[in-house]
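K.L.:
Got a structure for you, written out below as structure tokens; questions coming shortly.
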Amino acid sequence: MRIAVLIHLLGVIVWMGGMFFAHVCLRPVAAAQLPPPQRLPLLAAVLGRFFVAAGVAIVAILVSGLLRFGDIGGAATPWRWHAMAGIGSVMMLIYLLIVLRYYPRLTAAVAAQTWPAGGAAMDAIRKLVLTNLVLGVVTIAVAVTG
Ligand code: HEM
């Protein structure tokens with residue numbers, strides 16, 4: 001089922017590309033050029049849109065990946081598929097940690113205009129996104145070279 005692989009890769013591109021853009025392009029420039037009362041509402045709004053897109057991408061990655069597992073069947077599946085599913089699951093848990101714990105803290109701090117709390121939440125999100133970015137590169141390397 002090549003369509004499942006296509007959906008899988010499109011999901012990976014959206015998720016990884018979005019994290020790369022947020023971490024490498026958006027946040028450093030916003031941090032350098034905007035004070036917290038402008039930076040944090042901007043980042044909260046941009047990340048809110050991205051996390052919705054990433055959520056859809058993650059469901060697509062998971063369903064399409066599991067469909068391919070189902071096609072081939074248990075013992076015949078290569079070890080790199082299992083490694084990918086393992087690291088991919090950790091990435092998904094980290095995503096859930098961000099959207100269920102730290103992103104609500106960021107939006108609450110922005111609404112209350114408590115900038116130090118917002119900065120702390122944003123810092124936690126930044127570290128977790130960086131972690132997922134690194135894990136994603138490892139996952140892709142395992143997937144294509146293992
Ligand atoms: C629990 C989550 C995941 C499962 C169950 C899963 C499963 C799979 C399976 C079964 C394939 C093989 C498709 C085929 O060749 O027919 C595949 C391919 C691939 N996956 Fe995943 N995957 C998951 C997460 C991820 C993540 C998070 C990434 C990257 C960040 C990723 C990147 C890739 C890539 C690049 C390929 C293409 C490999 C190639 O064609 O050589 N996967 N995945």
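Chain labels run A, B, ... following the order of the structure tokens; each chain numbers its residues from 1, and ligands are numbered from 1 in the order shown.
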Could you list, as a ChimeraX atom specification, all the residues within 9 Å of ligand 1, counting only C-alpha atoms and all ligand atoms?
P.N.:
/A:1-2,4-6,8-9,11-13,15-16,58,61-72,77-78,80-92,132-133,135-146
K.L.:
Distance CA of Val99 in chain A-CA of Gln33 in chain A, one decimal place?
P.N.:
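Going from CA of Val99 in chain A over to CA of Gln33 in chain A, I get 25.8 Å.
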K.L.:
Would you list the contacts of Thr114 in chain A as a PDB file with N, CA, C and O atoms, in the first residue's frame, taking every protein, DNA or RNA residue within 12 Å and counting only C-alpha atoms, but skipping same-chain residues closer than 5 positions in sequence?
P.N.:
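Here's the written file around11.pdb:
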```
ATOM      1  N   PRO A  36       9.062  40.519  25.611  1.00  0.00           N
ATOM      2  CA  PRO A  36       8.098  39.466  25.963  1.00  0.00           C
ATOM      3  C   PRO A  36       6.630  39.820  25.702  1.00  0.00           C
ATOM      4  O   PRO A  36       5.894  38.957  25.202  1.00  0.00           O
ATOM      5  N   PRO A  37       6.141  41.049  25.993  1.00  0.00           N
ATOM      6  CA  PRO A  37       4.702  41.309  25.766  1.00  0.00           C
ATOM      7  C   PRO A  37       4.297  41.203  24.296  1.00  0.00           C
ATOM      8  O   PRO A  37       3.112  41.054  23.995  1.00  0.00           O
ATOM      9  N   LEU A  40       5.699  36.740  23.250  1.00  0.00           N
ATOM     10  CA  LEU A  40       4.983  35.558  23.747  1.00  0.00           C
ATOM     11  C   LEU A  40       3.592  35.400  23.129  1.00  0.00           C
ATOM     12  O   LEU A  40       3.210  34.284  22.756  1.00  0.00           O
ATOM     13  N   PRO A  41       2.794  36.480  22.967  1.00  0.00           N
ATOM     14  CA  PRO A  41       1.511  36.297  22.264  1.00  0.00           C
ATOM     15  C   PRO A  41       1.705  35.831  20.819  1.00  0.00           C
ATOM     16  O   PRO A  41       0.951  34.989  20.324  1.00  0.00           O
ATOM     17  N   ARG A 105      -0.022  26.350  29.755  1.00  0.00           N
ATOM     18  CA  ARG A 105       0.629  27.309  30.672  1.00  0.00           C
ATOM     19  C   ARG A 105       1.012  28.577  29.917  1.00  0.00           C
ATOM     20  O   ARG A 105       0.887  29.697  30.446  1.00  0.00           O
ATOM     21  N   LEU A 106       1.501  28.409  28.687  1.00  0.00           N
ATOM     22  CA  LEU A 106       1.892  29.572  27.886  1.00  0.00           C
ATOM     23  C   LEU A 106       0.670  30.440  27.579  1.00  0.00           C
ATOM     24  O   LEU A 106       0.703  31.663  27.780  1.00  0.00           O
ATOM     25  N   THR A 107      -0.404  29.826  27.121  1.00  0.00           N
ATOM     26  CA  THR A 107      -1.592  30.623  26.757  1.00  0.00           C
ATOM     27  C   THR A 107      -2.210  31.276  28.002  1.00  0.00           C
ATOM     28  O   THR A 107      -2.668  32.414  27.937  1.00  0.00           O
ATOM     29  N   ALA A 108      -2.186  30.564  29.138  1.00  0.00           N
ATOM     30  CA  ALA A 108      -2.725  31.158  30.376  1.00  0.00           C
ATOM     31  C   ALA A 108      -1.885  32.363  30.796  1.00  0.00           C
ATOM     32  O   ALA A 108      -2.427  33.408  31.210  1.00  0.00           O
ATOM     33  N   ALA A 109      -0.565  32.237  30.670  1.00  0.00           N
ATOM     34  CA  ALA A 109       0.318  33.340  31.058  1.00  0.00           C
ATOM     35  C   ALA A 109       0.130  34.531  30.122  1.00  0.00           C
ATOM     36  O   ALA A 109       0.139  35.692  30.568  1.00  0.00           O
ATOM     37  N   GLY A 119       7.430  33.103  29.805  1.00  0.00           N
ATOM     38  CA  GLY A 119       8.793  32.822  29.340  1.00  0.00           C
ATOM     39  C   GLY A 119       9.246  31.445  29.785  1.00  0.00           C
ATOM     40  O   GLY A 119       9.900  30.722  29.015  1.00  0.00           O
ATOM     41  N   ALA A 120       8.899  31.062  31.022  1.00  0.00           N
ATOM     42  CA  ALA A 120       9.301  29.740  31.527  1.00  0.00           C
ATOM     43  C   ALA A 120       8.619  28.630  30.730  1.00  0.00           C
ATOM     44  O   ALA A 120       9.248  27.620  30.371  1.00  0.00           O
ATOM     45  N   ALA A 121       7.321  28.817  30.448  1.00  0.00           N
ATOM     46  CA  ALA A 121       6.599  27.804  29.663  1.00  0.00           C
ATOM     47  C   ALA A 121       7.189  27.710  28.256  1.00  0.00           C
ATOM     48  O   ALA A 121       7.379  26.617  27.717  1.00  0.00           O
TER      49      ALA A 121
END
```
K.L.:
Write out as a ChimeraX atom specification which residues come within 9 Å of range 129-131 of chain A when counting only C-alpha atoms, dropping same-chain ones fewer than 4 positions away.
P.N.:
/A:19-20,22-23,91,94-95,98,124-125,135-136
K.L.:
Of the candidates A:Gly17, A:Gly48, A:Gly73, A:Pro28, which shows the shortest atom-to-atom distance to Tyr102 in chain A, using only C-alpha atoms?
P.N.:
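Using only C-alpha atoms, the shortest distance to Tyr102 in chain A belongs to A:Gly48.
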K.L.:
Step one, run DSSP on the backbone; step two, keep only residues of chain A assigned to alpha helix (DSSP H); then write them as a ChimeraX atom specification.
P.N.:
/A:2-20,27-33,36-72,79-97,103-112,115-145
